[in-house]
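A short worksheet on the structure shown next.
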Amino acid sequence: MAGKVAEEITGEHDSTYVDNLKYAANILEKENILGLIEPINGYSVPHYYMNNYEKAISVIKQVDSPNLKLMLDVFHLQLIKGNISNTMKELKDMIGHVQIAQAPNRNEPNTDGELNYKYILEELKNVAAYDDWIGLEYKPALITTEGLKWIQEFGYSL
């Protein structure tokens with residue numbers, strides 16, 4: 001995680017972050033490990049350094065390593081910028097992993113909220129060409145057995 005900053009973000013923060021990730025990327029490449037950076041919205045984590053997707057894209061391009069990609073957390077994407085379908089398409093070559101939760105309350109994907117996850121998951125597969133694991137990073141509103149029923153309802157399995 002990028003961490004929080006106590007003051008306004010400066011160019012020095014940016015260059016230090018990129019330099020540290022370049023150093024880490026060399027190790028990641030040698031060990032064949034995928035590193036991820038995750039933009040987190042300012043409502044959930046105020047003063048978080050990596051708080052927008054434009055910055056994340058810039059950092060990934062500057063580090064220029066096949067072992068550094070984007071953690072696409074759809075919950076954070078919605079709160080940071082919305083425009084989910086188009087953004088997933090734009091980011092498709094940078095996505096290393098995906099996490100989901102309903103916005104704005106961070107519950108199961110099929111609970112009431114701003115996002116239609118049945119549609120989003122299809123778009124992720126068809127438009128963004130992502131066909132890998134999906135992380136379920138949400139606060140369950142229901143007991144586990146009830147809260148996971150959406151997976152089958154959406155046509156998926158564990």
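So you can find residues: chains in the structure tokens are A, B, ... in the order shown, residues in each start at 1, and ligands are numbered from 1 in order.
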If we count only C-alpha atoms, what is near A:Glu29 at a cut-off of 12 Å, once residues fewer than 3 positions away on the same chain are taken out, given as a VMD selection string?
chain A and resid 21 to 26 32 to 35 64 to 68
File dump, residues just selected, N, CA and C atoms, as a PDB file, in the first residue's frame:
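Contents of the output file part-v6.pdb:
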ATOM      1  N   LEU A  21       9.224   1.919  -6.388  1.00  0.00           N
ATOM      2  CA  LEU A  21       8.585   0.867  -7.177  1.00  0.00           C
ATOM      3  C   LEU A  21       9.514   0.318  -8.255  1.00  0.00           C
ATOM      4  N   LYS A  22      10.381   1.150  -8.811  1.00  0.00           N
ATOM      5  CA  LYS A  22      11.371   0.648  -9.775  1.00  0.00           C
ATOM      6  C   LYS A  22      12.304  -0.344  -9.088  1.00  0.00           C
ATOM      7  N   TYR A  23      12.735   0.000  -7.890  1.00  0.00           N
ATOM      8  CA  TYR A  23      13.586  -0.894  -7.109  1.00  0.00           C
ATOM      9  C   TYR A  23      12.849  -2.212  -6.838  1.00  0.00           C
ATOM     10  N   ALA A  24      11.599  -2.103  -6.384  1.00  0.00           N
ATOM     11  CA  ALA A  24      10.804  -3.297  -6.084  1.00  0.00           C
ATOM     12  C   ALA A  24      10.545  -4.121  -7.340  1.00  0.00           C
ATOM     13  N   ALA A  25      10.311  -3.457  -8.463  1.00  0.00           N
ATOM     14  CA  ALA A  25      10.012  -4.163  -9.716  1.00  0.00           C
ATOM     15  C   ALA A  25      11.171  -5.056 -10.144  1.00  0.00           C
ATOM     16  N   ASN A  26      12.401  -4.619  -9.909  1.00  0.00           N
ATOM     17  CA  ASN A  26      13.565  -5.457 -10.233  1.00  0.00           C
ATOM     18  C   ASN A  26      13.535  -6.755  -9.432  1.00  0.00           C
ATOM     19  N   ASN A  32       9.780 -13.567 -10.177  1.00  0.00           N
ATOM     20  CA  ASN A  32       8.570 -13.868 -10.947  1.00  0.00           C
ATOM     21  C   ASN A  32       7.301 -13.659 -10.115  1.00  0.00           C
ATOM     22  N   ILE A  33       7.231 -12.493  -9.476  1.00  0.00           N
ATOM     23  CA  ILE A  33       6.092 -12.108  -8.640  1.00  0.00           C
ATOM     24  C   ILE A  33       5.429 -10.894  -9.272  1.00  0.00           C
ATOM     25  N   LEU A  34       4.111 -10.857  -9.211  1.00  0.00           N
ATOM     26  CA  LEU A  34       3.369  -9.708  -9.714  1.00  0.00           C
ATOM     27  C   LEU A  34       3.087  -8.746  -8.569  1.00  0.00           C
ATOM     28  N   GLY A  35       3.519  -7.505  -8.714  1.00  0.00           N
ATOM     29  CA  GLY A  35       3.210  -6.461  -7.750  1.00  0.00           C
ATOM     30  C   GLY A  35       2.024  -5.650  -8.240  1.00  0.00           C
ATOM     31  N   ASP A  64       7.498   0.879 -15.842  1.00  0.00           N
ATOM     32  CA  ASP A  64       7.687   0.104 -17.076  1.00  0.00           C
ATOM     33  C   ASP A  64       8.197  -1.313 -16.806  1.00  0.00           C
ATOM     34  N   SER A  65       7.432  -2.048 -16.006  1.00  0.00           N
ATOM     35  CA  SER A  65       7.790  -3.430 -15.686  1.00  0.00           C
ATOM     36  C   SER A  65       6.583  -4.331 -15.924  1.00  0.00           C
ATOM     37  N   PRO A  66       6.793  -5.495 -16.543  1.00  0.00           N
ATOM     38  CA  PRO A  66       5.680  -6.434 -16.703  1.00  0.00           C
ATOM     39  C   PRO A  66       5.207  -7.005 -15.369  1.00  0.00           C
ATOM     40  N   ASN A  67       5.972  -6.786 -14.312  1.00  0.00           N
ATOM     41  CA  ASN A  67       5.640  -7.313 -12.997  1.00  0.00           C
ATOM     42  C   ASN A  67       4.987  -6.288 -12.078  1.00  0.00           C
ATOM     43  N   LEU A  68       4.580  -5.148 -12.626  1.00  0.00           N
ATOM     44  CA  LEU A  68       3.833  -4.159 -11.848  1.00  0.00           C
ATOM     45  C   LEU A  68       2.565  -3.817 -12.609  1.00  0.00           C
TER      46      LEU A  68
END
Which of stretch 21-102 of chain A fall in strand (DSSP E or B), as a ChimeraX atom specification:
/A:35-37,48,68-73,95-100
Have a look at atom CA of A:Ile95 and atom CA of A:Lys69 and let me know their distance in Å, one decimal.
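Here the two named atoms are 5.8 Å from each other.
Distances to A:Val98 were evaluated for A:Ile84, A:Ala128, A:Leu158, A:Ile134 using only C-alpha atoms, and the minimum falls at A:Ile134.
Among the candidate residues A:Asn105, A:Asn52, A:Asn41, A:Gln62, the one lying nearest to A:Leu79 is A:Asn41, with distances computed using only C-alpha atoms.
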Using only C-alpha atoms, determine which residues lie at most 10 Å from A:Ile120, disregarding the query and same-chain residues fewer than 5 positions distant; provide the list as a PDB file with N, CA and C atoms, in the first residue's frame.
ATOM      1  N   VAL A  74     -13.225  -2.195  -8.093  1.00  0.00           N
ATOM      2  CA  VAL A  74     -14.354  -1.524  -8.739  1.00  0.00           C
ATOM      3  C   VAL A  74     -15.078  -0.601  -7.767  1.00  0.00           C
ATOM      4  N   ILE A  84     -17.384   3.226 -15.213  1.00  0.00           N
ATOM      5  CA  ILE A  84     -16.759   1.920 -15.020  1.00  0.00           C
ATOM      6  C   ILE A  84     -16.407   1.221 -16.336  1.00  0.00           C
ATOM      7  N   SER A  85     -17.370   1.073 -17.232  1.00  0.00           N
ATOM      8  CA  SER A  85     -17.137   0.306 -18.470  1.00  0.00           C
ATOM      9  C   SER A  85     -16.011   0.885 -19.305  1.00  0.00           C
ATOM     10  N   MET A  88     -12.578   0.486 -17.517  1.00  0.00           N
ATOM     11  CA  MET A  88     -12.048  -0.882 -17.582  1.00  0.00           C
ATOM     12  C   MET A  88     -11.448  -1.156 -18.957  1.00  0.00           C
ATOM     13  N   ILE A 100     -14.084  -6.572  -5.910  1.00  0.00           N
ATOM     14  CA  ILE A 100     -15.411  -5.984  -6.055  1.00  0.00           C
ATOM     15  C   ILE A 100     -16.104  -5.819  -4.711  1.00  0.00           C
ATOM     16  N   LEU A 115     -24.016   0.045  -8.319  1.00  0.00           N
ATOM     17  CA  LEU A 115     -23.379  -0.769  -9.353  1.00  0.00           C
ATOM     18  C   LEU A 115     -24.193  -2.002  -9.732  1.00  0.00           C
ATOM     19  N   LYS A 125     -15.077  -9.264 -18.506  1.00  0.00           N
ATOM     20  CA  LYS A 125     -14.648 -10.408 -19.312  1.00  0.00           C
ATOM     21  C   LYS A 125     -14.611 -10.055 -20.802  1.00  0.00           C
ATOM     22  N   ASN A 126     -15.663  -9.436 -21.299  1.00  0.00           N
ATOM     23  CA  ASN A 126     -15.800  -9.217 -22.743  1.00  0.00           C
ATOM     24  C   ASN A 126     -15.060  -7.989 -23.260  1.00  0.00           C
ATOM     25  N   VAL A 127     -15.096  -6.903 -22.520  1.00  0.00           N
ATOM     26  CA  VAL A 127     -14.502  -5.647 -22.990  1.00  0.00           C
ATOM     27  C   VAL A 127     -13.069  -5.485 -22.499  1.00  0.00           C
TER      28      VAL A 127
END
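Taking atom CA of A:Tyr130 and atom CA of A:Lys92 as endpoints, the distance between them is 7.3 Å.
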Which residues, written as a ChimeraX atom specification, have at least one atom at most 12 Å from A:Tyr43, with only C-alpha atoms counted and residues fewer than 5 positions away on the same chain left out?
/A:48,51,75-76,78-80,103-105
What does the file look like for those residues with C-alpha atoms, as an mmCIF file, in the first residue's frame?
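The new file out-v8.cif reads:
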data_model
loop_
_atom_site.group_PDB
_atom_site.id
_atom_site.type_symbol
_atom_site.label_atom_id
_atom_site.label_comp_id
_atom_site.auth_asym_id
_atom_site.auth_seq_id
_atom_site.Cartn_x
_atom_site.Cartn_y
_atom_site.Cartn_z
ATOM 1 C CA TYR A 48 -4.105 8.274 0.910
ATOM 2 C CA ASN A 51 -5.911 8.294 -4.696
ATOM 3 C CA PHE A 75 -15.700 -0.071 -5.471
ATOM 4 C CA HIS A 76 -12.887 2.498 -5.383
ATOM 5 C CA GLN A 78 -16.796 4.033 -8.740
ATOM 6 C CA LEU A 79 -16.116 6.442 -5.878
ATOM 7 C CA ILE A 80 -13.062 8.005 -7.535
ATOM 8 C CA ALA A 103 -20.934 1.111 -3.628
ATOM 9 C CA PRO A 104 -21.438 3.132 -1.536
ATOM 10 C CA ASN A 105 -21.706 0.775 1.475
#
Nearest residue to A:Pro39 from the set A:Val59, A:Val18, A:Leu72, A:Met94 (distances using only C-alpha atoms)
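Of A:Val59, A:Val18, A:Leu72, A:Met94, the one nearest A:Pro39, counting only C-alpha atoms, is A:Leu72.
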Gap from atom CA of A:Leu121 to atom CA of A:Phe154 - Å, one decimal
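Pair atom CA of A:Leu121 / atom CA of A:Phe154 returns 9.0 Å.
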Which of stretch 19-147 of chain A fall in alpha helix (DSSP H), as a ChimeraX atom specification
/A:19-31,53-63,74-80,84-91,117-126,144-147
Kindly save the residues from that selection, with C-alpha atoms included, as a PDB file, in the first residue's frame.
ATOM      1  CA  ASP A  19      11.921   5.181  -7.477  1.00  0.00           C
ATOM      2  CA  ASN A  20      10.835   2.742  -4.762  1.00  0.00           C
ATOM      3  CA  LEU A  21       8.585   0.867  -7.177  1.00  0.00           C
ATOM      4  CA  LYS A  22      11.371   0.648  -9.775  1.00  0.00           C
ATOM      5  CA  TYR A  23      13.586  -0.894  -7.109  1.00  0.00           C
ATOM      6  CA  ALA A  24      10.804  -3.297  -6.084  1.00  0.00           C
ATOM      7  CA  ALA A  25      10.012  -4.163  -9.716  1.00  0.00           C
ATOM      8  CA  ASN A  26      13.565  -5.457 -10.233  1.00  0.00           C
ATOM      9  CA  ILE A  27      13.104  -7.846  -7.323  1.00  0.00           C
ATOM     10  CA  LEU A  28       9.607  -8.803  -8.475  1.00  0.00           C
ATOM     11  CA  GLU A  29      10.948  -9.656 -11.935  1.00  0.00           C
ATOM     12  CA  LYS A  30      13.778 -11.813 -10.526  1.00  0.00           C
ATOM     13  CA  GLU A  31      11.334 -13.700  -8.294  1.00  0.00           C
ATOM     14  CA  TYR A  53      -6.321   6.337 -11.555  1.00  0.00           C
ATOM     15  CA  GLU A  54      -4.457   8.879 -13.656  1.00  0.00           C
ATOM     16  CA  LYS A  55      -1.616   8.804 -11.133  1.00  0.00           C
ATOM     17  CA  ALA A  56      -1.643   4.991 -11.070  1.00  0.00           C
ATOM     18  CA  ILE A  57      -1.451   4.822 -14.870  1.00  0.00           C
ATOM     19  CA  SER A  58       1.414   7.314 -14.896  1.00  0.00           C
ATOM     20  CA  VAL A  59       3.332   5.355 -12.248  1.00  0.00           C
ATOM     21  CA  ILE A  60       2.885   2.032 -14.049  1.00  0.00           C
ATOM     22  CA  LYS A  61       4.133   3.590 -17.288  1.00  0.00           C
ATOM     23  CA  GLN A  62       7.140   5.200 -15.548  1.00  0.00           C
ATOM     24  CA  VAL A  63       8.146   1.983 -13.786  1.00  0.00           C
ATOM     25  CA  VAL A  74     -14.354  -1.524  -8.739  1.00  0.00           C
ATOM     26  CA  PHE A  75     -15.700  -0.071  -5.471  1.00  0.00           C
ATOM     27  CA  HIS A  76     -12.887   2.498  -5.383  1.00  0.00           C
ATOM     28  CA  LEU A  77     -13.125   3.117  -9.124  1.00  0.00           C
ATOM     29  CA  GLN A  78     -16.796   4.033  -8.740  1.00  0.00           C
ATOM     30  CA  LEU A  79     -16.116   6.442  -5.878  1.00  0.00           C
ATOM     31  CA  ILE A  80     -13.062   8.005  -7.535  1.00  0.00           C
ATOM     32  CA  ILE A  84     -16.759   1.920 -15.020  1.00  0.00           C
ATOM     33  CA  SER A  85     -17.137   0.306 -18.470  1.00  0.00           C
ATOM     34  CA  ASN A  86     -15.023   2.811 -20.377  1.00  0.00           C
ATOM     35  CA  THR A  87     -12.369   2.920 -17.674  1.00  0.00           C
ATOM     36  CA  MET A  88     -12.048  -0.882 -17.582  1.00  0.00           C
ATOM     37  CA  LYS A  89     -11.596  -0.870 -21.351  1.00  0.00           C
ATOM     38  CA  GLU A  90      -8.904   1.835 -21.111  1.00  0.00           C
ATOM     39  CA  LEU A  91      -7.079  -0.010 -18.320  1.00  0.00           C
ATOM     40  CA  TYR A 117     -22.311  -6.205 -11.014  1.00  0.00           C
ATOM     41  CA  LYS A 118     -23.913  -8.765 -13.306  1.00  0.00           C
ATOM     42  CA  TYR A 119     -23.287  -6.284 -16.128  1.00  0.00           C
ATOM     43  CA  ILE A 120     -19.876  -5.163 -14.826  1.00  0.00           C
ATOM     44  CA  LEU A 121     -18.542  -8.724 -14.568  1.00  0.00           C
ATOM     45  CA  GLU A 122     -19.622  -9.444 -18.150  1.00  0.00           C
ATOM     46  CA  GLU A 123     -17.981  -6.214 -19.314  1.00  0.00           C
ATOM     47  CA  LEU A 124     -14.829  -7.125 -17.421  1.00  0.00           C
ATOM     48  CA  LYS A 125     -14.648 -10.408 -19.312  1.00  0.00           C
ATOM     49  CA  ASN A 126     -15.800  -9.217 -22.743  1.00  0.00           C
ATOM     50  CA  THR A 144     -21.743 -16.144   4.723  1.00  0.00           C
ATOM     51  CA  THR A 145     -24.000 -18.800   3.174  1.00  0.00           C
ATOM     52  CA  GLU A 146     -26.631 -16.183   2.285  1.00  0.00           C
ATOM     53  CA  GLY A 147     -24.085 -13.580   1.287  1.00  0.00           C
TER      54      GLY A 147
END
A:Ala2 environment, 8 Å, only C-alpha atoms, sequence neighbours closer than 5 positions dropped, as a list of chain:residue names:
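Near A:Ala2, the qualifying residues are A:Tyr17, A:Ile37, A:Tyr48, A:Tyr49, A:Met50.
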